[in-house]
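Chemist: Take a look at the following structure, please.
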Amino acid sequence: MRSIEQACYWLARLPPREPSPLSSPAESDIVVVGAGLTGLWTALFLKELDPGRDVAVVEQGIAAFGASGRNAGMLSETVDHSHGLAVQHFGLEEARRLAVLGEQNVAELTAFIRDRGIACDYEPSGRLNVALTPAHLEEAARSVELAEQLGLSTFRLLDAATVQGEVHSPLYLGGVAVAGGGIMDPARFTDGLRQEAVRLGVRVYERTTVESAAEQGDRVVLRANGTTLTARRVVLATSAYTHHLLPAVTFRFIPLYDYIIVSEPLTPAQWDAIGWRRRQGVTDGRAFFNYYRPTPDGRVLWGTSEATYYPGNRVDPSCDHSPHHYATLRESWRRHFPQLADLGWEYEWGGAICSTTRLTPFFGRALGGRVCYGLGFTGHGLGSTRIAGRILAHLALERKSELLDLSLVTRPPFPYPPEPIRRVAVNAVTRALRQVDAGRAPSLMLRLLDRLGIGFSS
């Protein structure tokens, strides 16, 4: 198998450069661990709130090495996993607030890309959710009605003919078009944030693996690369890797691996065969859905949300590839687009995300309040990490913000069980959701989990 830097389409496209690792003892006011989207947004907001603050960022690989550079690059406005779940988790009033916050966030994020000249191939193409069954059509109609209740005017119900006019698949019976958001190169976007952070005076140490974090008086000492980095405050922006440094959070999330393949470039005739001229990001209505989007150079990125949990909360390079998932991804492409059944695929990779039972981000403190963390973006991190960065910057600086009053900040999600119950529970839920996608009614277990607001997805 190829290394992740070669196998992941986005990482392979990054311009080559020489990272700067930590090589001798250093100090900083605030250290952010993780140079992905969460960590870099946190560093940028720290500089916005307090320009004179000394901020450093450390990263085990290079910026965008983790989930930030391995995702599909589909930007949406949702802060919760869906607007319906936001109502279920937090009530209608806060769901309205999250809906407004999400749309404002996308507008501000895209303005940032434009104003700072970040070259990440952003296209404001919106998104499309397609229905494969009559039940999906009913859910599509409910999602449009709910969006209107939340004050959103960006959701539009589509019939079969309209969806077929957008994307030519024999499986699609209708769907929902959502204006706003779009597609981008997530690795180049993340690297653009790194460059902006460096311009503002943030020190970024890459190829620097933090091995431990410990209190020492009123400071936190991070041990990394055989030396130390000392700070008054530390922000862990380490997503699915967080339990490696902070085992106490393990019960609040599960690390899951999503897998993606990217095709060879399509010919003009092949593009004509599938339509898709608006270049939206697309998902289907199943519990374990396929998601896909075009790339800047005319390929198709095709992924699956049927994420894999590796027992023992394993997150390491041995999970980066899954021939089984690659085979099922090719098979699902052929079902959706039999007219291009022989399409070749040149890139394939996996990446770890972290999911809470609530499918929303989770925030907290450790080591006497000197460490704060945020994780659990469950597939929506391209947009919601910017909100998380604002929250974490305010937490680290102990500044007041209306964001800190949000229930997703003040109320922790329901915990996951420990091993070995965790592995058994994940496998049971996976089997039950597959049965739903096959057309069966939800089991008693799924109905109970739904009433408790507990989910399992990426």
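The way I read the labels, and the way they are meant: chains A, B, ... in the order of the structure tokens, residue 1 as the first residue of every chain, and ligand 1 as the first ligand shown, with later ones counted on from there.
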Neighbouring residues of segment 379-390 of chain A were defined as those with any atom within 8 Å, considering only C-alpha atoms; residues of the same chain fewer than 3 positions away were excluded. Please report them as a PyMOL selection string.
Modeler: chain A and resi 37-43+45+68+71+73-79+81+102+105-106+109+186+353+361+374+393-394+458
Chemist: With a distance cut-off of 10 Å and only C-alpha atoms, select the neighbouring residues of Val167 of chain A, excluding the residue or stretch itself and same-chain residues fewer than 4 positions from it, and output the selection as a ChimeraX atom specification.
Modeler: /A:128,130,162-163,172,272-280,282,337
Chemist: Please provide as a list in words all residues within 8 Å of Gly69 of chain A, with the sequence filter that same-chain residues fewer than 6 positions apart are discarded (counting only C-alpha atoms).
Modeler: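 Non-adjacent residues within range: Trp10, Leu11, Gly36, Pro186, Ala187, Arg188 and Thr190 of chain A.
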Chemist: Env of Phe362 of chain A: 8 Å cut, atoms = only C-alpha atoms, seq-sep filter 2 positions within chain, self excluded. Answer as a ChimeraX atom specification.
Modeler: /A:356,360,364,374-376,408-409,412-413
Chemist: Generate a file of the selected residues that holds N, CA, C and O atoms, formatted as a short mmCIF file (atom, residue, chain, number, x, y, z; two decimals), in the first residue's frame.
Modeler:
```
data_model
loop_
_atom_site.label_atom_id
_atom_site.label_comp_id
_atom_site.auth_asym_id
_atom_site.auth_seq_id
_atom_site.Cartn_x
_atom_site.Cartn_y
_atom_site.Cartn_z
N THR A 356 -19.12 11.63 18.57
CA THR A 356 -19.77 11.55 19.88
C THR A 356 -21.14 10.92 19.71
O THR A 356 -21.66 10.82 18.60
N THR A 360 -22.23 15.73 17.65
CA THR A 360 -21.84 17.14 17.66
C THR A 360 -20.49 17.26 18.34
O THR A 360 -20.07 16.37 19.08
N GLY A 364 -14.12 20.59 26.54
CA GLY A 364 -13.87 20.36 27.95
C GLY A 364 -12.52 20.90 28.38
O GLY A 364 -11.76 21.47 27.58
N GLY A 374 -11.37 20.32 22.10
CA GLY A 374 -12.62 20.22 21.36
C GLY A 374 -12.46 19.18 20.28
O GLY A 374 -11.44 19.13 19.59
N LEU A 375 -13.45 18.32 20.14
CA LEU A 375 -13.38 17.22 19.18
C LEU A 375 -14.77 16.70 18.88
O LEU A 375 -15.73 17.07 19.54
N GLY A 376 -14.88 15.86 17.84
CA GLY A 376 -16.15 15.20 17.55
C GLY A 376 -16.93 15.86 16.44
O GLY A 376 -18.13 16.12 16.58
N LEU A 408 -24.14 22.73 23.25
CA LEU A 408 -23.13 21.78 22.81
C LEU A 408 -21.78 22.05 23.50
O LEU A 408 -20.90 21.20 23.48
N VAL A 409 -21.63 23.24 24.10
CA VAL A 409 -20.44 23.54 24.88
C VAL A 409 -20.66 23.22 26.36
O VAL A 409 -19.78 22.66 27.02
N PRO A 412 -22.17 17.93 28.10
CA PRO A 412 -21.40 16.87 27.44
C PRO A 412 -22.34 15.82 26.83
O PRO A 412 -23.46 15.63 27.29
N PRO A 413 -21.89 15.14 25.79
CA PRO A 413 -22.71 14.07 25.20
C PRO A 413 -22.76 12.85 26.09
O PRO A 413 -21.91 12.67 26.98
#
```
Chemist: Just want the 8 Å neighbourhood of segment 307-316 of chain A, counted on only C-alpha atoms, with same-chain residues fewer than 5 positions away dropped. Output as a list in words.
Modeler: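 The residues that qualify are Ala240, Tyr241, Ile254, Pro255, Leu256, Tyr257, Asp258, Tyr259, Ala352, Glu419, Arg423, Val426, Ser457 and Ser458 of chain A.
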Chemist: Those same residues - all heavy atoms - I'd like them written as a CSV table (one decimal), in the first residue's frame.
Modeler:
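Dumped everything to part11.csv:
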```csv
chain,number,residue,atom,x,y,z
A,240,ALA,N,-9.5,12.7,16.5
A,240,ALA,CA,-9.6,11.3,16.9
A,240,ALA,C,-8.3,10.7,17.6
A,240,ALA,O,-8.3,9.6,18.1
A,240,ALA,CB,-9.8,10.4,15.7
A,241,TYR,N,-7.3,11.5,17.7
A,241,TYR,CA,-6.0,11.2,18.4
A,241,TYR,C,-6.0,11.6,19.8
A,241,TYR,O,-5.1,11.4,20.6
A,241,TYR,CB,-4.8,11.8,17.7
A,241,TYR,CG,-4.6,11.3,16.2
A,241,TYR,CD1,-5.3,11.9,15.2
A,241,TYR,CD2,-3.7,10.3,15.9
A,241,TYR,CE1,-5.1,11.6,13.9
A,241,TYR,CE2,-3.6,9.9,14.6
A,241,TYR,CZ,-4.2,10.5,13.6
A,241,TYR,OH,-4.1,10.1,12.3
A,254,ILE,N,-15.9,7.9,19.9
A,254,ILE,CA,-15.2,6.8,19.3
A,254,ILE,C,-14.5,7.2,18.0
A,254,ILE,O,-15.0,8.0,17.3
A,254,ILE,CB,-16.2,5.6,18.9
A,254,ILE,CG1,-17.4,6.1,18.1
A,254,ILE,CG2,-16.7,4.9,20.2
A,254,ILE,CD1,-18.3,5.0,17.6
A,255,PRO,N,-13.3,6.7,17.8
A,255,PRO,CA,-12.6,7.0,16.5
A,255,PRO,C,-13.1,6.1,15.4
A,255,PRO,O,-13.2,4.9,15.7
A,255,PRO,CB,-11.1,6.8,16.9
A,255,PRO,CG,-11.1,5.8,18.0
A,255,PRO,CD,-12.4,6.0,18.7
A,256,LEU,N,-13.4,6.6,14.3
A,256,LEU,CA,-13.9,5.9,13.2
A,256,LEU,C,-13.1,6.2,11.9
A,256,LEU,O,-12.7,7.3,11.7
A,256,LEU,CB,-15.4,6.2,12.9
A,256,LEU,CG,-16.4,6.0,14.1
A,256,LEU,CD1,-17.7,6.7,13.8
A,256,LEU,CD2,-16.6,4.5,14.3
A,257,TYR,N,-13.0,5.2,11.1
A,257,TYR,CA,-12.3,5.4,9.8
A,257,TYR,C,-13.3,5.5,8.6
A,257,TYR,O,-14.0,4.5,8.4
A,257,TYR,CB,-11.2,4.4,9.6
A,257,TYR,CG,-9.9,4.7,10.2
A,257,TYR,CD1,-9.7,4.6,11.5
A,257,TYR,CD2,-8.9,5.2,9.3
A,257,TYR,CE1,-8.4,5.0,12.1
A,257,TYR,CE2,-7.6,5.5,9.9
A,257,TYR,CZ,-7.4,5.4,11.2
A,257,TYR,OH,-6.2,5.8,11.8
A,258,ASP,N,-13.2,6.6,7.9
A,258,ASP,CA,-13.9,6.7,6.6
A,258,ASP,C,-12.9,6.3,5.5
A,258,ASP,O,-11.7,6.6,5.6
A,258,ASP,CB,-14.5,8.1,6.4
A,258,ASP,CG,-15.9,8.2,6.9
A,258,ASP,OD1,-16.4,7.4,7.6
A,258,ASP,OD2,-16.5,9.3,6.5
A,259,TYR,N,-13.5,5.8,4.4
A,259,TYR,CA,-12.6,5.5,3.2
A,259,TYR,C,-13.1,6.2,1.9
A,259,TYR,O,-14.4,6.3,1.8
A,259,TYR,CB,-12.5,4.0,3.1
A,259,TYR,CG,-11.7,3.4,4.2
A,259,TYR,CD1,-12.4,2.9,5.3
A,259,TYR,CD2,-10.3,3.4,4.2
A,259,TYR,CE1,-11.7,2.3,6.4
A,259,TYR,CE2,-9.6,2.8,5.3
A,259,TYR,CZ,-10.3,2.3,6.4
A,259,TYR,OH,-9.6,1.8,7.4
A,352,ALA,N,-9.1,9.0,10.0
A,352,ALA,CA,-9.8,8.9,11.3
A,352,ALA,C,-10.6,10.1,11.6
A,352,ALA,O,-10.1,11.2,11.5
A,352,ALA,CB,-8.9,8.6,12.4
A,419,GLU,N,-14.6,-0.8,26.5
A,419,GLU,CA,-14.3,-2.1,25.8
A,419,GLU,C,-14.5,-3.2,26.9
A,419,GLU,O,-14.3,-2.9,28.1
A,419,GLU,CB,-12.9,-2.2,25.3
A,419,GLU,CG,-12.7,-1.3,24.1
A,419,GLU,CD,-13.3,-1.9,22.8
A,419,GLU,OE1,-14.3,-2.7,22.9
A,419,GLU,OE2,-13.0,-1.4,21.7
A,423,ARG,N,-17.0,-2.4,21.5
A,423,ARG,CA,-16.9,-3.1,20.2
A,423,ARG,C,-18.2,-3.9,19.9
A,423,ARG,O,-18.7,-3.8,18.7
A,423,ARG,CB,-15.7,-4.1,20.3
A,423,ARG,CG,-15.5,-4.9,19.0
A,423,ARG,CD,-14.3,-5.7,19.1
A,423,ARG,NE,-14.4,-6.8,20.1
A,423,ARG,CZ,-13.7,-6.8,21.2
A,423,ARG,NH1,-13.0,-5.8,21.6
A,423,ARG,NH2,-13.8,-7.8,22.1
A,426,VAL,N,-21.0,-1.3,18.9
A,426,VAL,CA,-20.8,-0.7,17.6
A,426,VAL,C,-21.1,-1.7,16.5
A,426,VAL,O,-21.8,-1.4,15.5
A,426,VAL,CB,-19.3,-0.2,17.4
A,426,VAL,CG1,-19.0,0.1,15.9
A,426,VAL,CG2,-19.1,1.0,18.3
A,457,SER,N,-22.5,7.4,13.3
A,457,SER,CA,-22.3,7.7,11.9
A,457,SER,C,-21.1,8.5,11.7
A,457,SER,O,-20.4,8.9,12.6
A,457,SER,CB,-23.5,8.6,11.4
A,457,SER,OG,-23.4,9.0,10.0
A,458,SER,N,-20.7,8.8,10.4
A,458,SER,CA,-19.6,9.7,10.1
A,458,SER,C,-20.1,10.7,9.1
A,458,SER,O,-19.4,11.5,8.6
A,458,SER,CB,-18.5,8.9,9.5
A,458,SER,OG,-18.8,8.4,8.2
```
Chemist: Could you give me, as a ChimeraX atom specification, each residue of segment 217-447 of chain A that DSSP assigns to alpha helix (DSSP H) when run on this structure's backbone?
Modeler: /A:242-245,268-274,323-336,381-397,407-410,421-437,444-447
Chemist: Identify, with DSSP run on backbone atoms, the residues in segment 278-323 of chain A assigned to strand (DSSP E or B), and express the list as a list in words.
Modeler: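 Everything in segment 278-323 of chain A that counts as strand (DSSP E or B) is Gly281, Val282, Thr283, Asp284, Asn290, Tyr291, Tyr292, Arg293, Pro294, Val300, Leu301, Trp302, Gly303, Thr304, Ser305, Glu306, Ala307 and Thr308 of chain A.
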Chemist: Using only C-alpha atoms, which of the listed residues (A:Ala179, A:Ala327, A:Asp450, A:Ala248) sits closest to Arg365 of chain A?
Modeler: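 Closest candidate: A:Ala248.
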Chemist: Need the shell around Asp191 of chain A: protein/DNA/RNA residues with any atom at most 7 Å away, counting only C-alpha atoms. Skip same-chain ones fewer than 4 positions apart. Format as a list in words?
Modeler: Ala63, Ala64, Ala187 and Gln195 of chain A
Chemist: Could you write out that same residue set with C-alpha atoms as a PDB file, in the first residue's frame?
Modeler:
```
ATOM      1  CA  ALA A  63      -0.469  20.641   8.466  1.00  0.00           C
ATOM      2  CA  ALA A  64      -3.531  18.807   7.080  1.00  0.00           C
ATOM      3  CA  ALA A 187      -5.559  20.131   2.303  1.00  0.00           C
ATOM      4  CA  GLN A 195       0.465  30.248   6.058  1.00  0.00           C
TER       5      GLN A 195
END
```
Chemist: Taking a cut-off of 9 Å and counting only C-alpha atoms, can you build a table that, for each residue of segment 157-240 of chain A near segment 135-146 of chain A, reports the nearest atom pair and how far apart they are in Å (one decimal), sorted by chain then residue number, as JSON lines?
Modeler:
```
{"residue": "A:Leu157", "atom": "CA", "partner": "A:Ala141", "partner_atom": "CA", "distance": 6.5}
{"residue": "A:Leu158", "atom": "CA", "partner": "A:Ala140", "partner_atom": "CA", "distance": 8.9}
{"residue": "A:Asp159", "atom": "CA", "partner": "A:Leu137", "partner_atom": "CA", "distance": 8.9}
{"residue": "A:Leu173", "atom": "CA", "partner": "A:Leu137", "partner_atom": "CA", "distance": 7.5}
{"residue": "A:Gly174", "atom": "CA", "partner": "A:Leu137", "partner_atom": "CA", "distance": 6.5}
{"residue": "A:Gly175", "atom": "CA", "partner": "A:Ala140", "partner_atom": "CA", "distance": 6.0}
{"residue": "A:Val176", "atom": "CA", "partner": "A:Ala140", "partner_atom": "CA", "distance": 6.1}
```
Chemist: Which is closer to Ile183 of chain A than all the others in A:Ser263, A:Gly281, A:His168, A:Asn129, using only C-alpha atoms?
Modeler: A:Gly281
Chemist: Distance atom CA of Pro124 of chain A-atom CA of Gln104 of chain A, one decimal place?
Modeler: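 Computing it gives 14.7 Å between the two atoms.
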Chemist: Pick out the residues sitting within 9 Å of segment 435-437 of chain A, and hand them over as a ChimeraX atom specification; count only C-alpha atoms, and ignore anything fewer than 4 positions along from it in its own chain.
Modeler: /A:286-289,430-431,441-443
Chemist: Keeping only all heavy atoms, write the selected residues to a file as an mmCIF file, in the first residue's frame.
Modeler:
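Output saved as part_10.cif:
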```
data_model
loop_
_atom_site.group_PDB
_atom_site.id
_atom_site.type_symbol
_atom_site.label_atom_id
_atom_site.label_comp_id
_atom_site.auth_asym_id
_atom_site.auth_seq_id
_atom_site.Cartn_x
_atom_site.Cartn_y
_atom_site.Cartn_z
ATOM 1 N N ARG A 286 -29.417 7.309 2.690
ATOM 2 C CA ARG A 286 -29.305 6.142 3.565
ATOM 3 C C ARG A 286 -28.590 6.483 4.867
ATOM 4 O O ARG A 286 -27.937 7.509 4.987
ATOM 5 C CB ARG A 286 -28.533 5.032 2.837
ATOM 6 C CG ARG A 286 -29.268 4.449 1.633
ATOM 7 C CD ARG A 286 -28.373 3.528 0.852
ATOM 8 N NE ARG A 286 -27.210 4.241 0.338
ATOM 9 C CZ ARG A 286 -26.080 3.650 -0.032
ATOM 10 N NH1 ARG A 286 -25.946 2.339 0.088
ATOM 11 N NH2 ARG A 286 -25.069 4.363 -0.512
ATOM 12 N N ALA A 287 -28.712 5.590 5.844
ATOM 13 C CA ALA A 287 -27.955 5.751 7.083
ATOM 14 C C ALA A 287 -26.462 5.660 6.785
ATOM 15 O O ALA A 287 -25.668 6.480 7.258
ATOM 16 C CB ALA A 287 -28.368 4.680 8.093
ATOM 17 N N PHE A 288 -26.057 4.663 6.018
ATOM 18 C CA PHE A 288 -24.685 4.547 5.529
ATOM 19 C C PHE A 288 -24.690 4.992 4.067
ATOM 20 O O PHE A 288 -24.901 4.209 3.155
ATOM 21 C CB PHE A 288 -24.179 3.111 5.662
ATOM 22 C CG PHE A 288 -23.919 2.687 7.079
ATOM 23 C CD1 PHE A 288 -24.267 1.422 7.508
ATOM 24 C CD2 PHE A 288 -23.333 3.554 7.986
ATOM 25 C CE1 PHE A 288 -24.023 1.014 8.818
ATOM 26 C CE2 PHE A 288 -23.092 3.168 9.301
ATOM 27 C CZ PHE A 288 -23.438 1.894 9.720
ATOM 28 N N PHE A 289 -24.462 6.276 3.875
ATOM 29 C CA PHE A 289 -24.630 6.872 2.557
ATOM 30 C C PHE A 289 -23.309 6.967 1.807
ATOM 31 O O PHE A 289 -22.227 6.931 2.400
ATOM 32 C CB PHE A 289 -25.241 8.268 2.685
ATOM 33 C CG PHE A 289 -24.502 9.184 3.628
ATOM 34 C CD1 PHE A 289 -23.410 9.929 3.212
ATOM 35 C CD2 PHE A 289 -24.913 9.291 4.952
ATOM 36 C CE1 PHE A 289 -22.729 10.756 4.091
ATOM 37 C CE2 PHE A 289 -24.240 10.131 5.842
ATOM 38 C CZ PHE A 289 -23.138 10.858 5.413
ATOM 39 N N THR A 430 -24.163 -1.242 13.765
ATOM 40 C CA THR A 430 -23.815 -1.301 12.345
ATOM 41 C C THR A 430 -24.709 -2.283 11.609
ATOM 42 O O THR A 430 -25.249 -1.986 10.531
ATOM 43 C CB THR A 430 -22.339 -1.694 12.174
ATOM 44 O OG1 THR A 430 -21.517 -0.695 12.787
ATOM 45 C CG2 THR A 430 -21.976 -1.801 10.704
ATOM 46 N N ARG A 431 -24.890 -3.488 12.165
ATOM 47 C CA ARG A 431 -25.762 -4.485 11.526
ATOM 48 C C ARG A 431 -27.191 -3.968 11.416
ATOM 49 O O ARG A 431 -27.849 -4.149 10.381
ATOM 50 C CB ARG A 431 -25.725 -5.798 12.319
ATOM 51 C CG ARG A 431 -24.430 -6.578 12.188
ATOM 52 C CD ARG A 431 -24.581 -7.986 12.742
ATOM 53 N NE ARG A 431 -24.900 -7.971 14.162
ATOM 54 C CZ ARG A 431 -23.986 -7.986 15.138
ATOM 55 N NH1 ARG A 431 -22.702 -8.019 14.831
ATOM 56 N NH2 ARG A 431 -24.352 -7.991 16.404
ATOM 57 N N ALA A 441 -37.638 -2.181 8.726
ATOM 58 C CA ALA A 441 -37.989 -1.175 9.729
ATOM 59 C C ALA A 441 -36.903 -1.120 10.795
ATOM 60 O O ALA A 441 -36.239 -2.126 11.072
ATOM 61 C CB ALA A 441 -39.333 -1.512 10.362
ATOM 62 N N PRO A 442 -36.691 0.040 11.420
ATOM 63 C CA PRO A 442 -35.683 0.138 12.484
ATOM 64 C C PRO A 442 -35.984 -0.838 13.613
ATOM 65 O O PRO A 442 -37.135 -1.024 14.016
ATOM 66 C CB PRO A 442 -35.807 1.587 12.955
ATOM 67 C CG PRO A 442 -36.390 2.321 11.791
ATOM 68 C CD PRO A 442 -37.308 1.344 11.121
ATOM 69 N N SER A 443 -34.959 -1.445 14.130
ATOM 70 C CA SER A 443 -35.105 -2.401 15.234
ATOM 71 C C SER A 443 -35.451 -1.671 16.519
ATOM 72 O O SER A 443 -35.359 -0.441 16.618
ATOM 73 C CB SER A 443 -33.787 -3.172 15.418
ATOM 74 O OG SER A 443 -32.769 -2.288 15.857
#
```
